[in-house]
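I have placed the structure first, in the form of structure tokens, so that the comments after it can refer back to it.
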Amino acid sequence: MAEHDLGTDAPTTVNVPDKPALEGLEDIHSKRWREQGTYAFNPDTVREQVYSIDTPPPTASGSLHVGHMFSYTQTDVLARYQRMRGRNVFYPMGWDDNGLPTERRVQNYYGVRCGPAVPYDAYYRPPAKPAKNQRDFDVVSRRNFIELCEELASEDEKVFENLFTTLGLSVAWNLTYRTIDDASRAVSQRAFLATLAAGDAYLAEAPTLWDVTFRTAVAQAELEDRELPGAYYRYGFNTPAGEKVYIETTRPELLPACVALVAHPDDERYQPLFGTKVTSPL
């Protein structure tokens, strides 16, 4: 405790802690930055003043690791640098909560799965303890399932936002969006209709990746590679002379899609077959 004479009749008392501490500073400054709009984007601007940053929204998967957080370091450095240059920085943050990862998380978290033919239950609540086996999951209506997706995604995103804020990222939180919200869906639908009108969207029969659990097509990005024991399969294709030419494969399920056999031009074993046709074992 120290006393200072500031020229008044009564001394002023100032409490000085024995040891400086950092506890609580994050909450104090984060709250102040948000209230003062320190990182907010000013929509009253001209295009030349705007520095826009595209931030692909992270998936609302329920957990973030240090790699997720540090992957925004370079972006944040650029945002801060451009602000110091006087630019109006457009730096939003969104959450990707629309798709199979969200559905899978909701299934496992609540122990439910969607049954489109099941009627809606306005009073439904998921089991307190979800079943471990999907065969024992509650089957709920599509509307009930969507409501659970909204509920869990909202809770996950609060945790995500708190982590990003604690890290001190200079995100414009007034621009937060969700890929499942009405605005994002409307934008996506308008974009698709414009693509359709331009003739760039089409319907065709083609091979695709299929998820047998969700009974839907999936993107390559949704897959997780795992090493499993495998085997070679030997198939004989019939030549016009009645002989067989053999191929070996680890992917027998692709045999129906085989439309040609290819060999190196210098491979003497297949020289007589070049330019001829063979018949698939199927």
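Scheme for the structure tokens: letters A, B, ... for chains in order shown; per-chain residue numbers from 1; ligand numbers from 1 in order shown.
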
Per residue of range 42-149 of chain A within 12 Å of range 183-193 of chain A, note the shortest atom pair and the distance in Å to one decimal, counting only C-alpha atoms, and order the rows by chain and increasing residue number, as a tab-separated table.
residue	atom	partner	partner_atom	distance
A:Gly94	CA	A:Ser184	CA	10.4
A:Trp95	CA	A:Ser184	CA	10.9
A:Asp96	CA	A:Ser184	CA	10.4
A:Asp97	CA	A:Ser184	CA	11.1
A:Asn98	CA	A:Arg185	CA	9.6

Legend entry - Polymer residues at most 9 Å from Ala79 in chain A, only C-alpha atoms, same-chain spacing of 6 or more positions, as a VMD selection string: chain A and resid 51 to 53 89 to 91 170 to 171

Once you have the residues from the selection above, write them out as a compact mmCIF listing (two decimals), in the first residue's frame, restricted to all heavy atoms.
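Generated file (again.txt):
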# COMPACT_ATOMS: atom_id res chain seq x y z
N TYR A 51 -10.47 -4.88 -47.05
CA TYR A 51 -9.58 -6.02 -47.20
C TYR A 51 -10.38 -7.24 -46.74
O TYR A 51 -10.68 -7.40 -45.55
CB TYR A 51 -8.32 -5.86 -46.35
CG TYR A 51 -7.30 -6.96 -46.57
CD1 TYR A 51 -6.40 -6.91 -47.64
CD2 TYR A 51 -7.26 -8.07 -45.73
CE1 TYR A 51 -5.48 -7.91 -47.85
CE2 TYR A 51 -6.33 -9.08 -45.94
CZ TYR A 51 -5.45 -9.00 -47.00
OH TYR A 51 -4.54 -10.01 -47.21
N SER A 52 -10.76 -8.11 -47.67
CA SER A 52 -11.66 -9.22 -47.39
C SER A 52 -10.91 -10.52 -47.23
O SER A 52 -10.04 -10.85 -48.05
CB SER A 52 -12.69 -9.35 -48.52
OG SER A 52 -13.57 -10.42 -48.26
N ILE A 53 -11.23 -11.25 -46.17
CA ILE A 53 -10.59 -12.54 -45.89
C ILE A 53 -11.64 -13.65 -45.97
O ILE A 53 -12.66 -13.60 -45.28
CB ILE A 53 -9.93 -12.53 -44.50
CG1 ILE A 53 -8.83 -11.47 -44.44
CG2 ILE A 53 -9.36 -13.90 -44.16
CD1 ILE A 53 -8.19 -11.33 -43.07
N VAL A 89 -11.24 -4.20 -42.54
CA VAL A 89 -11.03 -5.64 -42.70
C VAL A 89 -12.33 -6.41 -42.53
O VAL A 89 -12.99 -6.31 -41.48
CB VAL A 89 -9.96 -6.15 -41.71
CG1 VAL A 89 -9.82 -7.66 -41.83
CG2 VAL A 89 -8.63 -5.48 -41.99
N PHE A 90 -12.67 -7.17 -43.55
CA PHE A 90 -13.83 -8.07 -43.52
C PHE A 90 -13.32 -9.46 -43.15
O PHE A 90 -12.72 -10.16 -43.96
CB PHE A 90 -14.50 -8.09 -44.90
CG PHE A 90 -15.74 -8.94 -44.98
CD1 PHE A 90 -16.96 -8.47 -44.56
CD2 PHE A 90 -15.66 -10.23 -45.50
CE1 PHE A 90 -18.10 -9.26 -44.64
CE2 PHE A 90 -16.78 -11.03 -45.57
CZ PHE A 90 -18.01 -10.55 -45.15
N TYR A 91 -13.50 -9.84 -41.89
CA TYR A 91 -12.91 -11.09 -41.37
C TYR A 91 -13.99 -11.84 -40.58
O TYR A 91 -14.03 -11.77 -39.35
CB TYR A 91 -11.71 -10.74 -40.48
CG TYR A 91 -10.91 -11.91 -39.96
CD1 TYR A 91 -10.99 -13.18 -40.52
CD2 TYR A 91 -10.03 -11.74 -38.89
CE1 TYR A 91 -10.25 -14.23 -40.03
CE2 TYR A 91 -9.27 -12.78 -38.40
CZ TYR A 91 -9.39 -14.04 -38.97
OH TYR A 91 -8.65 -15.08 -38.48
N SER A 170 -8.69 -11.93 -33.97
CA SER A 170 -9.37 -10.64 -34.23
C SER A 170 -10.49 -10.82 -35.25
O SER A 170 -10.57 -10.11 -36.25
CB SER A 170 -8.36 -9.60 -34.72
OG SER A 170 -7.73 -10.03 -35.91
N VAL A 171 -11.37 -11.75 -34.97
CA VAL A 171 -12.49 -12.05 -35.86
C VAL A 171 -13.60 -11.04 -35.65
O VAL A 171 -13.84 -10.57 -34.53
CB VAL A 171 -13.01 -13.48 -35.55
CG1 VAL A 171 -14.32 -13.74 -36.27
CG2 VAL A 171 -11.97 -14.51 -35.95

Inset, instruction - as a list in words, please: all residues of range 8-70 of chain A that backbone DSSP puts in strand (DSSP E or B). - result: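 In range 8-70 of chain A, DSSP puts these residues in strand (DSSP E or B): Thr12, Thr13, Val14, Val50, Tyr51, Ser52 and Thr59 of chain A.
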
Legend entry - Long-range neighbours of Gly86 in chain A as a ChimeraX atom specification, 10 Å cut-off, only C-alpha atoms, 5 positions minimum in chain: /A:49-51,80-81

Inset, instruction - Please indicate the distance in Å from CA of Asn42 in chain A to CA of Glu155 in chain A, rounded to one decimal place. - result: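 Spanning CA of Asn42 in chain A to CA of Glu155 in chain A is a straight-line distance of 28.3 Å.
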
Find the nearest atom pair between each residue of range 37-68 of chain A and range 99-117 of chain A for residues within 12 Å, count only C-alpha atoms, give distances in Å to one decimal, sort rows by chain and ascending number, and present the table as a tab-separated table.
residue	atom	partner	partner_atom	distance
A:Pro58	CA	A:Pro101	CA	11.3
A:Thr59	CA	A:Pro101	CA	7.6
A:Ala60	CA	A:Thr102	CA	7.0
A:Ser61	CA	A:Thr102	CA	6.6
A:Gly62	CA	A:Arg105	CA	7.8
A:Ser63	CA	A:Arg105	CA	10.9

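Each of A:Val66, A:Leu78, A:Leu254, A:Ala40 was compared to Phe164 in chain A using only C-alpha atoms, and A:Val66 turns out to be the nearest.
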
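Around Val218 in chain A, within 12 Å and counting only C-alpha atoms, the residues found are Gly99, Leu100, Pro101, Pro207, Thr208, Leu209, Trp210, Asp211, Val212, Thr213, Phe214, Glu222, Leu223 and Glu224 of chain A, once anything fewer than 4 positions away on its own chain is removed.
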
Could you take the residues named above and write them with C-alpha atoms, as a PDB file, in the first residue's frame?
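Listing of result.pdb after writing:
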ATOM      1  CA  GLY A  99     -23.918 -32.215 -43.505  1.00  0.00           C
ATOM      2  CA  LEU A 100     -22.951 -35.754 -42.621  1.00  0.00           C
ATOM      3  CA  PRO A 101     -20.456 -34.892 -39.822  1.00  0.00           C
ATOM      4  CA  PRO A 207     -20.110 -44.195 -60.306  1.00  0.00           C
ATOM      5  CA  THR A 208     -20.169 -42.634 -56.862  1.00  0.00           C
ATOM      6  CA  LEU A 209     -19.102 -43.283 -53.274  1.00  0.00           C
ATOM      7  CA  TRP A 210     -22.010 -44.615 -51.234  1.00  0.00           C
ATOM      8  CA  ASP A 211     -22.456 -44.692 -47.456  1.00  0.00           C
ATOM      9  CA  VAL A 212     -24.467 -47.787 -46.545  1.00  0.00           C
ATOM     10  CA  THR A 213     -25.349 -46.411 -43.090  1.00  0.00           C
ATOM     11  CA  PHE A 214     -26.688 -43.032 -44.197  1.00  0.00           C
ATOM     12  CA  GLU A 222     -15.731 -37.278 -45.994  1.00  0.00           C
ATOM     13  CA  LEU A 223     -13.677 -40.477 -46.123  1.00  0.00           C
ATOM     14  CA  GLU A 224     -11.068 -41.602 -43.632  1.00  0.00           C
TER      15      GLU A 224
END

Inset, instruction - Would you mind telling me which residue in A:Gln220, A:Ser71, A:Thr12, A:Thr276 lies nearest to Ala241 in chain A when using only C-alpha atoms? - result: A:Thr276

Inset, instruction - Could you check which of A:Val14, A:Ala153, A:Met93, A:Val118 is closest to Pro56 in chain A, using only C-alpha atoms? - result: A:Met93

Legend entry - Distance of CA of Ser154 in chain A from CA of Asp76 in chain A, expressed in Å to one decimal place: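 One can read the CA of Asp76 in chain A to CA of Ser154 in chain A distance as 24.4 Å.
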
DSSP alpha helix (DSSP H) residues within range 21-252 of chain A, listed as a CSV table (one decimal) with N, CA, C and O atoms, in the first residue's frame:
chain,number,residue,atom,x,y,z
A,25,LEU,N,-7.6,-11.3,-17.2
A,25,LEU,CA,-7.4,-10.3,-18.2
A,25,LEU,C,-8.0,-10.6,-19.6
A,25,LEU,O,-8.5,-9.7,-20.3
A,26,GLU,N,-8.0,-11.9,-19.9
A,26,GLU,CA,-8.6,-12.3,-21.2
A,26,GLU,C,-10.1,-11.9,-21.3
A,26,GLU,O,-10.5,-11.4,-22.2
A,27,ASP,N,-10.8,-12.3,-20.2
A,27,ASP,CA,-12.2,-11.9,-20.2
A,27,ASP,C,-12.5,-10.4,-20.2
A,27,ASP,O,-13.4,-10.0,-20.9
A,28,ILE,N,-11.7,-9.7,-19.5
A,28,ILE,CA,-11.8,-8.2,-19.4
A,28,ILE,C,-11.6,-7.6,-20.8
A,28,ILE,O,-12.4,-6.9,-21.3
A,29,HIS,N,-10.5,-8.0,-21.5
A,29,HIS,CA,-10.2,-7.4,-22.8
A,29,HIS,C,-11.1,-7.9,-23.9
A,29,HIS,O,-11.5,-7.1,-24.8
A,30,SER,N,-11.4,-9.2,-23.8
A,30,SER,CA,-12.3,-9.7,-24.9
A,30,SER,C,-13.7,-9.0,-24.8
A,30,SER,O,-14.2,-8.7,-25.9
A,31,LYS,N,-14.2,-8.8,-23.6
A,31,LYS,CA,-15.5,-8.2,-23.5
A,31,LYS,C,-15.4,-6.7,-24.0
A,31,LYS,O,-16.3,-6.2,-24.7
A,32,ARG,N,-14.3,-6.0,-23.6
A,32,ARG,CA,-14.1,-4.6,-24.1
A,32,ARG,C,-14.0,-4.5,-25.6
A,32,ARG,O,-14.6,-3.7,-26.2
A,33,TRP,N,-13.2,-5.4,-26.2
A,33,TRP,CA,-13.0,-5.4,-27.6
A,33,TRP,C,-14.3,-5.6,-28.4
A,33,TRP,O,-14.6,-5.0,-29.4
A,34,ARG,N,-15.2,-6.5,-27.8
A,34,ARG,CA,-16.4,-6.8,-28.5
A,34,ARG,C,-17.4,-5.6,-28.3
A,34,ARG,O,-18.1,-5.2,-29.2
A,35,GLU,N,-17.5,-5.0,-27.1
A,35,GLU,CA,-18.4,-3.9,-26.8
A,35,GLU,C,-18.0,-2.7,-27.7
A,35,GLU,O,-18.8,-1.9,-28.1
A,36,GLN,N,-16.7,-2.5,-27.8
A,36,GLN,CA,-16.2,-1.3,-28.5
A,36,GLN,C,-16.1,-1.5,-30.0
A,36,GLN,O,-15.8,-0.6,-30.8
A,66,VAL,N,-5.3,-28.3,-31.0
A,66,VAL,CA,-4.4,-27.1,-31.2
A,66,VAL,C,-4.1,-26.8,-32.6
A,66,VAL,O,-3.8,-25.7,-33.0
A,67,GLY,N,-4.1,-27.9,-33.5
A,67,GLY,CA,-3.8,-27.6,-34.9
A,67,GLY,C,-4.9,-26.8,-35.6
A,67,GLY,O,-4.6,-25.9,-36.4
A,68,HIS,N,-6.2,-27.0,-35.2
A,68,HIS,CA,-7.3,-26.1,-35.7
A,68,HIS,C,-7.0,-24.7,-35.3
A,68,HIS,O,-7.1,-23.8,-36.2
A,69,MET,N,-6.6,-24.5,-34.1
A,69,MET,CA,-6.5,-23.1,-33.6
A,69,MET,C,-5.3,-22.4,-34.3
A,69,MET,O,-5.4,-21.3,-34.7
A,70,PHE,N,-4.1,-23.1,-34.3
A,70,PHE,CA,-2.9,-22.5,-34.9
A,70,PHE,C,-3.0,-22.3,-36.4
A,70,PHE,O,-2.3,-21.5,-36.9
A,73,THR,N,-3.4,-18.6,-37.4
A,73,THR,CA,-2.4,-17.7,-37.0
A,73,THR,C,-2.0,-16.7,-38.1
A,73,THR,O,-2.0,-15.5,-38.0
A,74,GLN,N,-1.7,-17.3,-39.3
A,74,GLN,CA,-1.3,-16.5,-40.4
A,74,GLN,C,-2.4,-15.5,-40.8
A,74,GLN,O,-2.2,-14.4,-41.1
A,75,THR,N,-3.6,-16.1,-40.9
A,75,THR,CA,-4.8,-15.2,-41.3
A,75,THR,C,-4.9,-14.0,-40.3
A,75,THR,O,-5.2,-12.9,-40.8
A,76,ASP,N,-4.8,-14.3,-39.0
A,76,ASP,CA,-5.0,-13.2,-38.0
A,76,ASP,C,-3.9,-12.2,-38.1
A,76,ASP,O,-4.1,-11.0,-38.0
A,77,VAL,N,-2.6,-12.6,-38.4
A,77,VAL,CA,-1.6,-11.7,-38.6
A,77,VAL,C,-1.8,-10.7,-39.7
A,77,VAL,O,-1.6,-9.5,-39.6
A,78,LEU,N,-2.3,-11.3,-40.8
A,78,LEU,CA,-2.7,-10.5,-42.0
A,78,LEU,C,-3.8,-9.5,-41.7
A,78,LEU,O,-3.7,-8.3,-42.1
A,79,ALA,N,-4.8,-10.0,-41.0
A,79,ALA,CA,-5.9,-9.1,-40.6
A,79,ALA,C,-5.5,-7.9,-39.8
A,79,ALA,O,-5.8,-6.8,-40.0
A,80,ARG,N,-4.6,-8.2,-38.8
A,80,ARG,CA,-4.1,-7.1,-37.9
A,80,ARG,C,-3.2,-6.2,-38.7
A,80,ARG,O,-3.3,-4.9,-38.5
A,81,TYR,N,-2.4,-6.7,-39.5
A,81,TYR,CA,-1.5,-5.8,-40.3
A,81,TYR,C,-2.3,-4.9,-41.2
A,81,TYR,O,-2.0,-3.7,-41.3
A,82,GLN,N,-3.3,-5.4,-41.9
A,82,GLN,CA,-4.2,-4.6,-42.8
A,82,GLN,C,-5.0,-3.5,-42.0
A,82,GLN,O,-5.2,-2.4,-42.5
A,83,ARG,N,-5.4,-3.9,-40.8
A,83,ARG,CA,-6.1,-2.9,-39.9
A,83,ARG,C,-5.1,-1.7,-39.6
A,83,ARG,O,-5.5,-0.6,-39.6
A,84,MET,N,-3.9,-2.1,-39.3
A,84,MET,CA,-2.9,-1.0,-38.9
A,84,MET,C,-2.6,-0.2,-40.1
A,84,MET,O,-2.1,1.0,-40.0
A,100,LEU,N,-23.1,-34.4,-43.3
A,100,LEU,CA,-23.0,-35.8,-42.6
A,100,LEU,C,-22.2,-35.7,-41.3
A,100,LEU,O,-22.6,-36.4,-40.4
A,101,PRO,N,-21.1,-34.9,-41.1
A,101,PRO,CA,-20.5,-34.9,-39.8
A,101,PRO,C,-21.4,-34.5,-38.7
A,101,PRO,O,-21.3,-35.1,-37.6
A,102,THR,N,-22.3,-33.5,-39.0
A,102,THR,CA,-23.2,-33.1,-37.9
A,102,THR,C,-24.2,-34.2,-37.6
A,102,THR,O,-24.5,-34.5,-36.5
A,103,GLU,N,-24.7,-34.9,-38.7
A,103,GLU,CA,-25.7,-36.0,-38.5
A,103,GLU,C,-25.0,-37.1,-37.7
A,103,GLU,O,-25.7,-37.7,-36.8
A,104,ARG,N,-23.8,-37.5,-38.0
A,104,ARG,CA,-23.1,-38.5,-37.3
A,104,ARG,C,-22.9,-38.2,-35.9
A,104,ARG,O,-23.1,-39.0,-35.0
A,105,ARG,N,-22.5,-36.9,-35.6
A,105,ARG,CA,-22.3,-36.5,-34.2
A,105,ARG,C,-23.6,-36.6,-33.4
A,105,ARG,O,-23.7,-37.0,-32.3
A,106,VAL,N,-24.7,-36.1,-34.0
A,106,VAL,CA,-26.0,-36.1,-33.3
A,106,VAL,C,-26.5,-37.5,-33.1
A,106,VAL,O,-27.0,-37.9,-32.0
A,107,GLN,N,-26.3,-38.4,-34.0
A,107,GLN,CA,-26.6,-39.8,-33.8
A,107,GLN,C,-25.9,-40.4,-32.6
A,107,GLN,O,-26.6,-41.0,-31.8
A,108,ASN,N,-24.6,-40.3,-32.6
A,108,ASN,CA,-23.8,-40.9,-31.5
A,108,ASN,C,-24.0,-40.2,-30.2
A,108,ASN,O,-23.9,-40.8,-29.1
A,109,TYR,N,-24.2,-38.9,-30.2
A,109,TYR,CA,-24.3,-38.1,-29.0
A,109,TYR,C,-25.7,-38.4,-28.3
A,109,TYR,O,-25.7,-38.6,-27.0
A,110,TYR,N,-26.7,-38.4,-29.0
A,110,TYR,CA,-28.1,-38.6,-28.5
A,110,TYR,C,-28.5,-40.0,-28.5
A,110,TYR,O,-29.5,-40.4,-27.8
A,142,ARG,N,-37.9,-37.0,-39.0
A,142,ARG,CA,-37.0,-36.1,-39.7
A,142,ARG,C,-37.0,-34.7,-39.0
A,142,ARG,O,-35.9,-34.2,-38.7
A,143,ARG,N,-38.2,-34.2,-38.6
A,143,ARG,CA,-38.2,-32.9,-38.0
A,143,ARG,C,-37.6,-33.0,-36.6
A,143,ARG,O,-36.9,-32.0,-36.2
A,144,ASN,N,-37.8,-34.0,-35.8
A,144,ASN,CA,-37.2,-34.2,-34.5
A,144,ASN,C,-35.7,-34.2,-34.6
A,144,ASN,O,-35.0,-33.7,-33.8
A,145,PHE,N,-35.2,-35.0,-35.7
A,145,PHE,CA,-33.8,-35.1,-35.9
A,145,PHE,C,-33.1,-33.8,-36.2
A,145,PHE,O,-32.1,-33.4,-35.7
A,146,ILE,N,-33.8,-33.0,-37.0
A,146,ILE,CA,-33.3,-31.7,-37.4
A,146,ILE,C,-33.2,-30.8,-36.2
A,146,ILE,O,-32.3,-30.0,-36.0
A,147,GLU,N,-34.2,-30.8,-35.3
A,147,GLU,CA,-34.2,-30.0,-34.1
A,147,GLU,C,-33.1,-30.4,-33.2
A,147,GLU,O,-32.4,-29.5,-32.6
A,148,LEU,N,-32.7,-31.7,-33.1
A,148,LEU,CA,-31.6,-32.1,-32.3
A,148,LEU,C,-30.3,-31.6,-32.9
A,148,LEU,O,-29.3,-31.3,-32.2
A,149,CYS,N,-30.2,-31.6,-34.3
A,149,CYS,CA,-29.0,-31.1,-35.0
A,149,CYS,C,-28.8,-29.6,-34.6
A,149,CYS,O,-27.7,-29.2,-34.3
A,150,GLU,N,-29.9,-28.8,-34.7
A,150,GLU,CA,-29.8,-27.4,-34.3
A,150,GLU,C,-29.4,-27.2,-32.9
A,150,GLU,O,-28.6,-26.4,-32.6
A,151,GLU,N,-29.9,-28.0,-32.0
A,151,GLU,CA,-29.7,-27.9,-30.6
A,151,GLU,C,-28.2,-28.2,-30.2
A,151,GLU,O,-27.5,-27.4,-29.6
A,152,LEU,N,-27.7,-29.3,-30.8
A,152,LEU,CA,-26.3,-29.7,-30.4
A,152,LEU,C,-25.3,-28.8,-31.2
A,152,LEU,O,-24.3,-28.4,-30.6
A,153,ALA,N,-25.6,-28.4,-32.4
A,153,ALA,CA,-24.7,-27.6,-33.1
A,153,ALA,C,-24.5,-26.2,-32.4
A,153,ALA,O,-23.5,-25.6,-32.4
A,154,SER,N,-25.6,-25.7,-31.9
A,154,SER,CA,-25.6,-24.4,-31.2
A,154,SER,C,-24.7,-24.5,-30.0
A,154,SER,O,-23.9,-23.5,-29.7
A,155,GLU,N,-24.8,-25.6,-29.3
A,155,GLU,CA,-23.9,-25.7,-28.1
A,155,GLU,C,-22.5,-25.9,-28.4
A,155,GLU,O,-21.6,-25.3,-27.8
A,156,ASP,N,-22.2,-26.7,-29.5
A,156,ASP,CA,-20.8,-26.9,-29.9
A,156,ASP,C,-20.2,-25.5,-30.4
A,156,ASP,O,-19.0,-25.3,-30.1
A,157,GLU,N,-21.0,-24.7,-31.1
A,157,GLU,CA,-20.5,-23.5,-31.6
A,157,GLU,C,-20.2,-22.5,-30.5
A,157,GLU,O,-19.3,-21.6,-30.7
A,158,LYS,N,-20.9,-22.5,-29.4
A,158,LYS,CA,-20.6,-21.6,-28.3
A,158,LYS,C,-19.2,-22.0,-27.7
A,158,LYS,O,-18.4,-21.1,-27.4
A,159,VAL,N,-18.9,-23.3,-27.7
A,159,VAL,CA,-17.6,-23.7,-27.2
A,159,VAL,C,-16.5,-23.3,-28.2
A,159,VAL,O,-15.4,-22.8,-27.8
A,160,PHE,N,-16.8,-23.4,-29.4
A,160,PHE,CA,-15.8,-23.0,-30.5
A,160,PHE,C,-15.5,-21.5,-30.4
A,160,PHE,O,-14.4,-21.1,-30.4
A,161,GLU,N,-16.6,-20.7,-30.3
A,161,GLU,CA,-16.4,-19.3,-30.3
A,161,GLU,C,-15.6,-18.9,-29.0
A,161,GLU,O,-14.7,-18.0,-29.1
A,162,ASN,N,-15.9,-19.5,-27.9
A,162,ASN,CA,-15.1,-19.2,-26.7
A,162,ASN,C,-13.6,-19.5,-26.9
A,162,ASN,O,-12.8,-18.7,-26.4
A,163,LEU,N,-13.3,-20.6,-27.5
A,163,LEU,CA,-11.9,-21.0,-27.7
A,163,LEU,C,-11.2,-19.9,-28.7
A,163,LEU,O,-10.1,-19.5,-28.4
A,164,PHE,N,-11.9,-19.6,-29.7
A,164,PHE,CA,-11.3,-18.6,-30.7
A,164,PHE,C,-11.1,-17.2,-30.0
A,164,PHE,O,-10.1,-16.5,-30.2
A,165,THR,N,-12.1,-16.9,-29.1
A,165,THR,CA,-12.0,-15.6,-28.4
A,165,THR,C,-10.9,-15.6,-27.4
A,165,THR,O,-10.1,-14.7,-27.2
A,166,THR,N,-10.8,-16.7,-26.7
A,166,THR,CA,-9.7,-16.9,-25.7
A,166,THR,C,-8.4,-16.8,-26.3
A,166,THR,O,-7.4,-16.2,-25.7
A,167,LEU,N,-8.2,-17.3,-27.5
A,167,LEU,CA,-7.0,-17.3,-28.2
A,167,LEU,C,-6.6,-15.9,-28.6
A,167,LEU,O,-5.5,-15.5,-28.9
A,182,ASP,N,-31.0,-20.1,-42.2
A,182,ASP,CA,-31.8,-19.7,-43.3
A,182,ASP,C,-31.1,-18.9,-44.3
A,182,ASP,O,-31.3,-19.1,-45.5
A,183,ALA,N,-30.3,-18.0,-43.9
A,183,ALA,CA,-29.6,-17.1,-44.9
A,183,ALA,C,-28.7,-17.9,-45.8
A,183,ALA,O,-28.6,-17.8,-47.0
A,184,SER,N,-27.9,-18.8,-45.2
A,184,SER,CA,-26.9,-19.6,-45.9
A,184,SER,C,-27.6,-20.5,-46.9
A,184,SER,O,-27.2,-20.7,-48.0
A,185,ARG,N,-28.7,-21.1,-46.4
A,185,ARG,CA,-29.5,-22.0,-47.3
A,185,ARG,C,-30.1,-21.3,-48.5
A,185,ARG,O,-30.1,-21.8,-49.6
A,186,ALA,N,-30.6,-20.1,-48.2
A,186,ALA,CA,-31.2,-19.3,-49.3
A,186,ALA,C,-30.1,-18.9,-50.3
A,186,ALA,O,-30.4,-19.0,-51.5
A,187,VAL,N,-29.0,-18.5,-49.9
A,187,VAL,CA,-27.9,-18.2,-50.8
A,187,VAL,C,-27.5,-19.4,-51.6
A,187,VAL,O,-27.3,-19.3,-52.8
A,188,SER,N,-27.4,-20.6,-51.0
A,188,SER,CA,-27.0,-21.8,-51.7
A,188,SER,C,-28.1,-22.1,-52.7
A,188,SER,O,-27.7,-22.5,-53.9
A,189,GLN,N,-29.3,-22.0,-52.4
A,189,GLN,CA,-30.4,-22.3,-53.3
A,189,GLN,C,-30.4,-21.4,-54.5
A,189,GLN,O,-30.5,-21.8,-55.7
A,190,ARG,N,-30.2,-20.1,-54.2
A,190,ARG,CA,-30.1,-19.1,-55.4
A,190,ARG,C,-28.9,-19.4,-56.3
A,190,ARG,O,-29.0,-19.3,-57.5
A,191,ALA,N,-27.8,-19.7,-55.6
A,191,ALA,CA,-26.6,-20.0,-56.4
A,191,ALA,C,-26.8,-21.3,-57.3
A,191,ALA,O,-26.4,-21.3,-58.5
A,192,PHE,N,-27.5,-22.3,-56.7
A,192,PHE,CA,-27.8,-23.5,-57.5
A,192,PHE,C,-28.7,-23.2,-58.7
A,192,PHE,O,-28.5,-23.7,-59.8
A,193,LEU,N,-29.8,-22.4,-58.4
A,193,LEU,CA,-30.7,-22.1,-59.5
A,193,LEU,C,-30.0,-21.3,-60.6
A,193,LEU,O,-30.3,-21.5,-61.8
A,194,ALA,N,-29.1,-20.4,-60.2
A,194,ALA,CA,-28.3,-19.7,-61.2
A,194,ALA,C,-27.4,-20.6,-62.0
A,194,ALA,O,-27.3,-20.5,-63.3
A,195,THR,N,-26.8,-21.6,-61.4
A,195,THR,CA,-26.0,-22.6,-62.0
A,195,THR,C,-26.8,-23.4,-63.0
A,195,THR,O,-26.4,-23.7,-64.1
A,196,LEU,N,-28.0,-23.8,-62.5
A,196,LEU,CA,-28.9,-24.6,-63.3
A,196,LEU,C,-29.4,-23.8,-64.6
A,196,LEU,O,-29.4,-24.4,-65.7
A,197,ALA,N,-29.7,-22.5,-64.4
A,197,ALA,CA,-30.1,-21.7,-65.5
A,197,ALA,C,-29.0,-21.5,-66.5
A,197,ALA,O,-29.3,-21.4,-67.7

Legend entry - Atom-to-atom span, CA of Ala263 in chain A and CA of Tyr232 in chain A, Å: 18.5 Å

Inset, instruction - Quick one: everything within 12 Å of Arg234 in chain A, counting only C-alpha atoms, minus sequence neighbours fewer than 3 positions away in the same chain. Send it as a PyMOL selection string. - result: chain A and resi 231+237+244-252+255+281

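In this comparison, which uses only C-alpha atoms, the residue of A:Asn88, A:Asn15, A:Thr239, A:Gln134 approaching Thr45 in chain A most closely is A:Asn88.
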